[in-house]
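Q: File name start-v3.txt; file contents compact mmCIF, C-alpha atoms; full text below.
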```
# COMPACT_ATOMS: atom_id res chain seq x y z
CA MET A 189 35.92 135.27 54.85
CA ALA A 190 32.25 135.70 54.04
CA ARG A 191 30.72 133.18 51.71
CA SER A 192 28.45 134.35 48.99
CA HIS A 193 25.10 132.60 48.40
CA HIS A 194 23.58 132.23 44.99
CA ILE A 195 19.89 131.53 44.43
CA ILE A 196 19.29 129.40 41.39
CA LYS A 197 16.19 130.44 39.51
CA LEU A 198 14.36 128.34 36.97
CA PRO A 199 13.77 129.98 33.68
CA ASP A 200 10.16 131.04 33.23
CA ARG A 201 9.58 128.46 30.52
CA GLN A 202 10.72 125.64 32.90
CA ARG A 203 8.27 126.80 35.58
CA GLY A 204 5.55 126.71 32.98
CA SER A 205 6.52 123.19 31.97
CA VAL A 206 6.17 121.96 35.57
CA ALA A 207 2.71 123.48 35.79
CA ILE A 208 1.66 121.86 32.53
CA TRP A 209 2.96 118.46 33.66
CA PHE A 210 1.10 118.81 36.96
CA VAL A 211 -2.14 119.57 35.15
CA LEU A 212 -1.60 116.63 32.82
CA CYS A 213 -0.79 114.25 35.69
CA LEU A 214 -3.61 115.41 37.97
CA PRO A 215 -6.21 112.98 36.52
CA VAL A 216 -3.74 110.14 36.97
CA LEU A 217 -3.08 111.16 40.57
CA LEU A 218 -6.79 111.42 41.26
CA GLY A 219 -7.32 108.06 39.62
CA CYS A 220 -4.73 106.50 41.91
CA ALA A 221 -6.44 108.11 44.90
CA ALA A 222 -9.76 106.72 43.72
CA LEU A 223 -8.28 103.25 43.43
CA ALA A 224 -6.61 103.43 46.83
CA VAL A 225 -9.55 104.85 48.77
CA ASP A 226 -12.63 103.69 46.89
CA LEU A 227 -11.38 100.17 46.21
CA ALA A 228 -10.52 99.76 49.89
CA ARG A 229 -14.03 100.88 50.79
CA LEU A 230 -15.57 98.58 48.19
CA ASN A 231 -13.58 95.63 49.53
CA LEU A 232 -14.62 96.41 53.11
CA THR A 233 -18.28 96.70 52.15
CA GLN A 234 -18.08 93.51 50.09
CA ALA A 235 -16.63 91.66 53.09
CA GLU A 236 -19.40 93.00 55.34
CA LEU A 237 -22.08 91.89 52.88
CA GLN A 238 -20.48 88.46 52.57
CA ASN A 239 -20.59 88.02 56.34
CA VAL A 240 -24.28 88.96 56.34
CA ALA A 241 -25.05 86.58 53.46
CA ASP A 242 -23.15 83.75 55.18
CA ALA A 243 -25.01 84.26 58.45
CA ALA A 244 -28.40 84.50 56.72
CA ALA A 245 -27.85 81.35 54.66
CA VAL A 246 -26.68 79.34 57.68
CA GLY A 247 -29.56 80.65 59.80
CA GLY A 248 -32.05 79.71 57.11
CA ALA A 249 -30.60 76.24 56.62
CA SER A 250 -30.80 75.60 60.36
CA SER A 251 -34.60 76.00 60.17
CA LEU A 252 -35.16 73.65 57.25
CA THR A 253 -36.14 70.85 59.64
CA ASP A 254 -38.43 72.97 61.83
CA PRO A 255 -41.80 71.33 62.55
CA GLY A 256 -44.70 72.19 60.29
CA ALA A 257 -43.78 70.79 56.88
CA LEU A 258 -42.21 67.68 55.38
CA PRO A 259 -39.66 66.94 54.26
CA PHE A 260 -38.41 70.53 54.72
CA ASN A 261 -39.94 73.69 56.13
CA TRP A 262 -39.08 76.18 53.40
CA GLY A 263 -41.26 78.90 54.91
CA ALA A 264 -39.51 78.75 58.28
CA ALA A 265 -36.10 78.69 56.60
CA ASN A 266 -36.91 81.73 54.47
CA SER A 267 -38.23 83.65 57.45
CA MET A 268 -35.22 82.80 59.61
CA ALA A 269 -32.73 83.77 56.90
CA THR A 270 -34.44 87.14 56.47
CA SER A 271 -34.51 87.75 60.22
CA VAL A 272 -30.82 86.92 60.61
CA ALA A 273 -29.88 89.22 57.73
CA LYS A 274 -31.75 92.13 59.33
CA LEU A 275 -29.80 91.72 62.56
CA ASN A 276 -26.64 92.80 60.74
CA VAL A 277 -25.02 96.03 59.56
CA ALA A 278 -23.10 96.87 56.39
CA ASN A 279 -21.66 100.23 55.28
CA GLY A 280 -22.80 101.70 58.60
CA HIS A 281 -26.49 100.93 58.01
CA ASN A 282 -28.82 98.21 59.20
CA ILE A 283 -29.66 95.62 56.57
CA THR A 284 -33.27 96.06 55.47
CA ASP A 285 -33.39 94.03 52.26
CA ALA A 286 -32.38 90.43 51.56
CA THR A 287 -33.14 88.07 48.71
CA ILE A 288 -33.68 84.55 50.04
CA GLU A 289 -34.08 81.59 47.68
CA ASP A 290 -35.12 78.01 48.37
CA GLY A 291 -33.39 75.29 46.40
CA TYR A 292 -31.30 72.16 46.25
CA TRP A 293 -27.54 71.86 45.91
CA ASN A 294 -25.50 69.09 44.36
CA ILE A 295 -22.36 68.69 46.45
CA VAL A 296 -20.50 66.81 43.71
CA THR A 297 -21.33 68.98 40.67
CA LYS A 298 -21.70 72.18 42.73
CA SER A 299 -24.94 73.06 40.95
CA TRP A 300 -28.14 74.71 42.16
CA VAL A 301 -31.76 73.98 41.25
CA ALA A 302 -34.74 75.92 42.51
CA VAL A 303 -37.56 74.29 44.45
CA THR A 304 -40.40 73.48 42.06
CA THR A 305 -42.30 70.83 44.00
CA PRO A 306 -41.75 71.45 47.75
CA ASP A 307 -42.11 67.83 48.84
CA VAL A 308 -39.88 66.29 46.14
CA GLN A 309 -36.11 66.24 46.66
CA PRO A 310 -34.12 65.72 43.44
CA VAL A 311 -31.87 62.67 43.49
CA GLY A 312 -28.29 63.61 44.38
CA TYR A 313 -29.25 67.03 45.77
CA VAL A 314 -29.52 68.32 49.34
CA PRO A 315 -31.79 71.12 50.63
CA ALA A 316 -30.21 74.55 50.47
CA ILE A 317 -30.86 78.21 51.18
CA ARG A 318 -29.26 80.96 49.11
CA ALA A 319 -29.02 84.45 50.59
CA THR A 320 -28.09 87.49 48.51
CA ILE A 321 -27.49 90.88 50.10
CA THR A 322 -27.13 93.88 47.79
CA ILE A 323 -26.42 97.57 48.24
CA ALA A 324 -28.02 99.15 45.19
CA SER A 325 -30.56 101.78 44.28
CA GLY A 326 -33.57 101.14 46.49
CA GLN A 327 -31.82 98.45 48.52
CA ASN A 328 -29.99 98.83 51.83
CA ASN A 329 -29.37 102.60 51.51
CA GLY A 330 -27.69 102.07 48.18
CA PRO A 331 -26.01 102.52 45.88
CA LEU A 332 -22.66 102.91 47.60
CA PRO A 333 -21.34 106.48 47.17
CA LEU A 334 -17.69 106.82 46.12
CA PHE A 335 -15.25 109.48 47.33
CA PHE A 336 -12.72 110.12 44.58
CA ALA A 337 -14.08 108.17 41.64
CA PRO A 338 -16.57 110.98 40.80
CA PHE A 339 -13.58 112.90 39.42
CA LEU A 340 -13.42 110.13 36.84
CA GLY A 341 -17.15 110.14 36.21
CA LYS A 342 -18.09 107.27 38.57
CA ASN A 343 -20.30 108.45 41.43
CA THR A 344 -21.72 105.24 42.92
CA GLN A 345 -21.28 101.49 42.86
CA THR A 346 -23.59 98.50 43.38
CA VAL A 347 -22.14 95.89 45.75
CA SER A 348 -23.54 92.40 46.30
CA ALA A 349 -22.67 89.12 48.02
CA SER A 350 -24.30 85.68 48.02
CA ALA A 351 -23.94 82.52 50.08
CA ILE A 352 -25.44 79.04 49.95
CA ALA A 353 -25.83 76.83 53.02
CA VAL A 354 -27.10 73.26 53.11
CA ILE A 355 -28.06 70.55 55.52
CA ALA A 356 -27.70 66.92 54.51
CA SER A 357 -28.21 63.42 55.76
CA PRO A 358 -24.93 62.37 57.37
CA ALA A 359 -22.66 59.95 55.58
CA ALA A 360 -20.03 59.65 58.31
CA GLY A 361 -18.84 61.24 61.51
CA THR A 362 -18.12 61.02 65.20
CA GLY A 363 -20.16 61.32 68.39
CA MET A 364 -22.80 58.69 67.62
CA PHE A 365 -24.87 57.22 70.45
CA PRO A 366 -23.62 53.62 71.11
CA PHE A 367 -26.72 51.91 69.75
CA VAL A 368 -27.60 50.54 66.33
CA LEU A 369 -31.10 50.35 64.90
CA ASN A 370 -32.48 47.62 62.71
CA MET A 371 -33.51 48.85 59.24
CA PRO A 372 -36.93 47.12 59.37
CA LEU A 373 -37.96 49.78 61.90
CA PHE A 374 -37.59 52.44 59.23
CA THR A 375 -39.11 50.23 56.57
CA ASN A 376 -42.33 50.05 58.57
CA TRP A 377 -42.47 53.34 60.52
CA TRP A 378 -40.85 55.88 58.24
CA ASN A 379 -42.17 57.55 55.09
CA ASN A 380 -40.30 60.76 54.26
CA GLY A 381 -40.52 61.33 57.99
CA PRO A 382 -41.80 59.55 61.10
CA LYS A 383 -45.15 57.83 60.63
CA ILE A 384 -47.72 59.35 62.96
CA ASP A 385 -49.72 57.35 65.48
CA PRO A 386 -53.35 58.44 64.88
CA SER A 387 -54.20 57.85 68.53
CA THR A 388 -51.67 60.46 69.73
CA GLY A 389 -50.96 62.62 66.70
CA LYS A 390 -47.25 62.04 67.36
CA PRO A 391 -44.62 59.63 65.97
CA TYR A 392 -45.08 56.01 67.00
CA VAL A 393 -43.32 54.96 70.21
CA PHE A 394 -41.47 51.63 70.15
CA ASP A 395 -39.18 49.74 72.52
CA ILE A 396 -35.71 48.99 71.26
CA THR A 397 -34.92 45.69 72.99
CA SER A 398 -38.02 43.88 71.75
CA SER A 399 -38.26 41.97 68.48
CA TYR A 400 -39.92 43.69 65.57
CA PHE A 401 -40.51 42.22 62.13
CA GLY A 402 -38.30 39.19 62.65
CA GLY A 403 -35.44 40.59 64.72
CA PRO A 404 -34.43 42.89 67.58
CA ALA A 405 -35.17 46.56 67.02
CA GLY A 406 -31.73 47.62 68.17
CA TYR A 407 -28.70 46.84 70.29
CA TRP A 408 -25.56 48.30 71.83
CA THR A 409 -22.55 48.88 69.60
CA THR A 410 -18.93 49.48 70.56
CA PHE A 411 -17.99 50.90 67.15
CA GLN A 412 -14.42 49.88 66.24
CA SER A 413 -13.67 48.21 69.56
CA THR A 414 -14.51 44.63 70.55
CA ASN A 415 -14.53 45.55 74.25
CA ASN A 416 -17.96 44.44 75.44
CA SER A 417 -17.78 45.48 79.09
CA ALA A 418 -20.64 47.49 80.53
CA SER A 419 -18.26 50.19 81.78
CA PHE A 420 -16.78 50.64 78.30
CA ILE A 421 -20.23 51.07 76.77
CA ALA A 422 -21.15 53.51 79.54
CA GLY A 423 -18.16 55.64 78.59
CA LEU A 424 -19.39 55.77 75.00
CA PHE A 425 -22.58 57.46 76.20
CA THR A 426 -20.47 60.59 76.65
CA THR A 427 -17.93 60.37 73.84
CA GLY A 428 -19.64 58.35 71.14
CA ASN A 429 -17.20 57.14 68.51
CA THR A 430 -14.09 59.31 68.47
CA SER A 431 -12.82 58.02 65.11
CA SER A 432 -14.99 58.76 62.11
CA LEU A 433 -17.28 55.96 60.97
CA GLY A 434 -19.84 56.04 58.21
CA ILE A 435 -21.88 54.27 55.60
CA LEU A 436 -20.20 51.05 54.39
CA ASP A 437 -17.89 51.00 57.43
CA ASN A 438 -18.37 48.27 60.02
CA THR A 439 -19.51 48.73 63.60
CA TYR A 440 -19.16 45.99 66.24
CA ILE A 441 -22.17 44.42 67.96
CA PRO A 442 -21.12 42.81 71.27
CA THR A 443 -22.79 39.80 72.84
CA GLY A 444 -24.72 39.71 76.10
CA LEU A 445 -27.29 42.29 77.15
CA LYS A 446 -25.67 45.14 79.09
CA ALA A 447 -28.55 45.70 81.46
CA SER A 448 -26.51 47.94 83.76
CA ASP A 449 -26.07 50.46 80.97
CA PHE A 450 -29.79 51.12 80.95
CA LYS A 451 -29.26 52.84 84.30
CA ASN A 452 -27.55 55.67 82.40
CA ILE A 453 -30.89 56.47 80.75
CA PRO A 454 -33.68 57.99 82.89
CA SER A 455 -36.86 56.00 83.36
CA TYR A 456 -39.81 56.65 81.08
CA ALA A 457 -41.91 57.55 84.12
CA SER A 458 -39.48 60.26 85.22
CA VAL A 459 -39.34 61.68 81.70
CA GLN A 460 -43.14 61.89 81.57
CA SER A 461 -43.19 63.79 84.85
CA SER A 462 -40.46 66.15 83.61
CA PRO A 463 -41.25 66.85 79.92
CA GLY A 464 -38.23 67.83 77.88
CA TYR A 465 -35.86 65.49 79.70
CA TRP A 466 -35.64 63.14 76.74
CA LYS A 467 -32.48 62.71 74.71
CA ASP A 468 -32.23 63.21 70.94
CA VAL A 469 -29.39 61.21 69.39
CA ALA A 470 -27.94 60.18 66.05
CA VAL A 471 -27.42 56.43 65.66
CA PHE A 472 -26.06 54.03 63.07
CA VAL A 473 -28.50 51.82 61.15
CA VAL A 474 -27.76 48.25 60.01
CA ASN A 475 -29.75 45.86 57.84
CA SER A 476 -29.98 43.21 60.56
CA ILE A 477 -28.49 42.59 63.98
CA ASP A 478 -26.04 39.74 64.47
CA TYR A 479 -24.34 39.54 67.85
CA LYS A 480 -20.57 39.41 68.24
CA SER A 481 -20.17 40.61 64.65
CA GLN A 482 -18.86 43.50 62.61
CA LEU A 483 -21.88 44.82 60.70
CA PRO A 484 -21.88 47.29 57.79
CA ILE A 485 -23.49 50.66 58.45
CA VAL A 486 -26.19 51.50 55.90
CA ALA A 487 -27.48 54.83 57.24
CA ILE A 488 -27.46 57.31 60.13
CA GLY A 489 -30.83 57.93 61.76
CA GLY A 490 -32.38 60.36 64.22
CA LEU A 491 -33.89 59.01 67.44
CA ARG A 492 -35.60 60.50 70.48
CA ILE A 493 -35.00 58.37 73.58
CA LEU A 494 -38.01 58.76 75.85
CA GLY A 495 -36.71 56.69 78.75
CA THR A 496 -36.59 53.11 79.98
CA GLN A 497 -39.09 50.61 81.34
CA GLY A 498 -38.55 47.37 83.25
CA ASN A 499 -35.68 46.06 85.34
CA GLY A 500 -32.46 44.13 84.79
CA ALA A 501 -32.36 42.03 81.65
CA ASN A 502 -35.98 42.95 80.96
CA THR A 503 -35.23 46.66 80.69
CA LYS A 504 -36.18 48.28 77.40
CA ILE A 505 -35.67 51.71 75.85
CA LEU A 506 -38.75 53.56 74.65
CA ALA A 507 -38.08 55.78 71.67
CA GLN A 508 -39.57 57.40 68.58
CA PHE A 509 -38.24 58.65 65.27
CA LEU A 510 -37.71 62.35 64.60
CA ASN A 511 -37.17 64.33 61.44
CA ASP A 512 -34.77 66.91 62.85
CA VAL A 513 -32.00 65.42 64.98
CA PRO A 514 -28.73 67.37 64.67
CA ALA A 515 -25.58 65.29 64.32
CA PRO A 516 -22.83 67.84 65.09
CA GLY A 517 -19.80 65.65 64.35
CA THR A 518 -20.95 64.46 60.95
CA ASN A 519 -20.41 65.35 57.31
CA PRO A 520 -22.56 64.77 54.20
CA GLY A 521 -19.99 62.97 52.07
CA THR A 522 -21.26 63.21 48.49
CA GLY A 523 -24.69 64.24 49.69
CA ILE A 524 -26.54 61.10 48.63
CA ALA A 525 -26.89 59.35 52.01
CA PRO A 526 -30.43 58.13 52.73
CA SER A 527 -32.53 60.43 54.91
CA TYR A 528 -33.72 59.01 58.23
CA GLY A 529 -34.11 62.07 60.41
CA ALA A 530 -30.51 62.96 61.29
CA TYR A 531 -28.84 65.95 59.67
CA THR A 532 -25.43 67.53 59.53
CA PRO A 533 -25.01 71.02 60.94
CA PRO A 534 -25.65 73.76 58.35
CA LEU A 535 -22.69 73.91 55.97
CA LEU A 536 -21.62 76.81 53.76
CA VAL A 537 -20.97 75.43 50.28
CA GLN A 538 -20.63 78.67 48.34
```
What does the file become when written as structure tokens?

A:
Amino acid sequence: MARSHHIIKLPDRQRGSVAIWFVLCLPVLLGCAALAVDLARLNLTQAELQNVADAAAVGGASSLTDPGALPFNWGAANSMATSVAKLNVANGHNITDATIEDGYWNIVTKSWVAVTTPDVQPVGYVPAIRATITIASGQNNGPLPLFFAPFLGKNTQTVSASAIAVIASPAAGTGMFPFVLNMPLFTNWWNNGPKIDPSTGKPYVFDITSSYFGGPAGYWTTFQSTNNSASFIAGLFTTGNTSSLGILDNTYIPTGLKASDFKNIPSYASVQSSPGYWKDVAVFVVNSIDYKSQLPIVAIGGLRILGTQGNGANTKILAQFLNDVPAPGTNPGTGIAPSYGAYTPPLLVQ
């Protein structure tokens, strides 16, 4: 038996009601589309700008200790930050504009102050570079055009991101060279940077096993171990201290000169014939050297080892202070460690 089919028709006034509701809801639907599409694009662009700002700030901070100015080379840092920013892309366009600021950052209070006197570092603050990257009218092909938001009267949007990177004198860390320096060396040959020998125009060269100002200039350390064998110290040339040590911690000074360990350092003569073969290291500093003792660390310094002279127990290390020795395994603590030429890697703080 054939089945009959009935087509249900809406009354004309119901069809009209649907049309009216659609018209009324259209702005809401478009608004949702604007939120879904435009907000996603804004978030993506914001993330791209943040990456650029981070890279620029870190790049700038890495140049703060470049030669040419003391205590910090603000010009080199500013130039490097700008160059790094322009190597990047955001919103499909090369970055052409970056705002780079020189300043100081307080790690404890998380506050920023601008540089007013370039050679004066405020107490409790560390040198910092702030990079701001903005897509706006007249900057980086801005402002950012929106897709759906124009239906709601919003055609473009300004997007911006900032980052602050610092370097700081280390307060603690790992990977130190197994030598301690006597503080009187810095007292006499350091003044906001290495004192310069007028006869060479370079930092003074000194030998570490001789006595200076009433005591030895430096000596081997075995950090937290009391093992004083030459082979153990030789192993520390590669690893440094593997457990973090820092200011106010103790480091052990063994007894007996480990002359054989000098063989792990090239001779001064060979270094002079092959410039660039020297070794830049971060070392702990103590107030005085007392053998077979645990001594408190008072600072972390930067040292360039130029080589060795002499033989056997008469061997000595020739070295000079530097203002820009990286200490990769270190951290700044509260940022108030004394500055003696060693610095943490650039750190993003905001």

Q: Atom CA of A:Ile321 and atom CA of A:Val246 are how many Å apart?

A: 13.8 Å

Q: Pull the closest atom pair for each residue of stretch 493-530 of chain A that gets at most 9 Å from stretch 295-303 of chain A, along with the distance in Å to one decimal, counting all atoms listed in the file, ordering rows by chain and then ascending residue number, as CSV.

A:
```
residue,atom,partner,partner_atom,distance
A:Pro520,CA,A:Ile295,CA,8.7
A:Gly521,CA,A:Ile295,CA,8.4
A:Thr522,CA,A:Ile295,CA,5.9
A:Gly523,CA,A:Ile295,CA,6.0
A:Ile524,CA,A:Ile295,CA,8.9
```

Q: Quick one: distance from atom CA of A:Glu289 to atom CA of A:Thr253 in Å, one decimal?

A: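 Atom-to-atom, atom CA of A:Glu289 to atom CA of A:Thr253, that is 16.2 Å.
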
Q: Report, in Å to a single decimal, how far apart atom CA of A:Arg318 and atom CA of A:Ala257 are.

A: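 Atom CA of A:Arg318 lies at a distance of 19.4 Å from atom CA of A:Ala257.
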
Q: Could you check the closest approach to A:Thr409 for each of A:Asp285, A:Asp478, A:Asp395, A:Asp468 and tell me which residue wins, using only C-alpha atoms?

A: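 Answer, going by the shortest atom-to-atom distance: A:Asp478.
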
Q: Which residue is closest to A:Val471? Choose from A:Phe411, A:Phe367, A:Phe394, A:Phe425 and count only C-alpha atoms.

A: A:Phe367

Q: Would you pick out the contacts of A:Thr284 at 10 Å or less, using all atoms listed in the file, so that residues sharing its chain but fewer than 2 positions from it are not included, and give the list as a PyMOL selection string?

A: chain A and resi 270-271+273-277+281-282+286+321+327-329

Q: Go through A:Asn438, A:Gln412, A:Ser357, A:Asn519 one by one, measure the shortest atom-to-atom distance of each to A:Leu483 using all atoms listed in the file, and give the residue with the smallest value.

A: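 Using all atoms listed in the file, the shortest distance to A:Leu483 belongs to A:Asn438.
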
Q: Would you mind telling me which residue in A:Ser481, A:Asn511, A:Thr320, A:Asn266 lies nearest to A:Val240 when using all atoms listed in the file?

A: A:Thr320

Q: Taking all atoms listed in the file into account, which of A:Leu506, A:Leu332, A:Ile317, A:Leu258 comes nearest A:Asn231?

A: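 Looking only at the distances to A:Asn231, the closest residue turns out to be A:Leu332.
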
Q: Kindly indicate which residue among A:Leu494, A:Ala359, A:Ile477, A:Val347 lies nearest to A:Gly517, using all atoms listed in the file for the distances.

A: A:Ala359

Q: So that I can check the surroundings of stretch 370-375 of chain A, please list as a PDB file with C-alpha atoms, in the frame of the given file every protein, DNA and RNA residue that reaches within 7 Å of it, counting all atoms listed in the file and ignoring chain neighbours fewer than 2 positions away.

A:
```pdb
ATOM      1  CA  VAL A 368     -27.600  50.540  66.330  1.00  0.00           C
ATOM      2  CA  TRP A 377     -42.470  53.340  60.520  1.00  0.00           C
ATOM      3  CA  TRP A 378     -40.850  55.880  58.240  1.00  0.00           C
ATOM      4  CA  PHE A 401     -40.510  42.220  62.130  1.00  0.00           C
ATOM      5  CA  ALA A 405     -35.170  46.560  67.020  1.00  0.00           C
ATOM      6  CA  GLY A 406     -31.730  47.620  68.170  1.00  0.00           C
ATOM      7  CA  VAL A 473     -28.500  51.820  61.150  1.00  0.00           C
ATOM      8  CA  VAL A 474     -27.760  48.250  60.010  1.00  0.00           C
ATOM      9  CA  ASN A 475     -29.750  45.860  57.840  1.00  0.00           C
ATOM     10  CA  SER A 476     -29.980  43.210  60.560  1.00  0.00           C
ATOM     11  CA  ILE A 477     -28.490  42.590  63.980  1.00  0.00           C
TER      12      ILE A 477
END
```
